[in-house]
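Worksheet: the structure to be examined is printed underneath.
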Amino acid sequence: MREYRSLALIILAIFAVTLLGAYFSPTFQEQRGWLELFFLLGGVLFIVSLLAVFATLGFSSFAIYMAVFLAAVISLYGILGAVIVVFLTYVVWGSIFAMEVLLYDAGANSAKEWFVTRYNFKSFKAEYYAFYPMIGFVYVLLEILPNLLRRESVIDFSPSRVLKAMEELLD
């Protein structure tokens, strides 16, 4: 709990400094800049906290929340707003899922525990196929691209091997 207290104090200090900057600015343009920064930091904090919620809840418990949230977004912003929310959710949750799959394939015990606590094989397989493009994208981003830029070694990734290993682990 102590580490969260210091994190909360840092976040409050950042917001306090931006509000003080807005209050003591001599011109309207500077005040507007500080206030824009304040709201931008609030948006970043919201996105980071949403990412933490995605990572801790898992997709199955998140589905009910997402349905209610989409209904609210549709009523406020229409279908285009809902499409944007669904796309961003797919990208965020797909990135988390893909990184965990790659970590599991690389032998990380934390990824193994993450899957065991959140999935059975049927739910894993459904998300695995749903996020297959994201798994490939994250693999290229984290393995192939660094190899091309810095000539680092590439970890061999086999989707069929991961699926077979997950079947043994989660059944």
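Residue numbers start at 1 in each chain; chains themselves are named A, B, ... in the order of the structure tokens; ligands are numbered from 1 in the order shown.
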Original post:
Which of chain A counts as alpha helix (DSSP H) under DSSP, as a ChimeraX atom specification please?
Top reply: /A:2-23,28-57,59-105,109-118,121-130,132-139,145-150,159-170
**OP:** Write out as a PyMOL selection string each polymer residue whose atoms come within 12 Å of range 158-171 of chain A, counting only C-alpha atoms; drop sequence neighbours fewer than 3 positions from it.
**Re:** chain A and resi 98+100-107+111-129+131-133+135-136+139+155
Subject >> Selection near Glu36 in chain A, 10 Å with only C-alpha atoms, sequence-local residues under 5 positions removed, as a PyMOL selection string >> reply: chain A and resi 18+22+30-31+41-42
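Each of A:Ser153, A:Thr89, A:Gln29, A:Asn109 was checked against Ala63 in chain A using only C-alpha atoms; the smallest atom-to-atom distance is that of A:Thr89.
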Original post:
Which residue gives the smallest distance to Ala130 in chain A among A:Ser110, A:Ser6, A:Ser49, A:Ser95, with only C-alpha atoms counted?
Top reply: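 Ranked by minimum distance to Ala130 in chain A, first place goes to A:Ser95.
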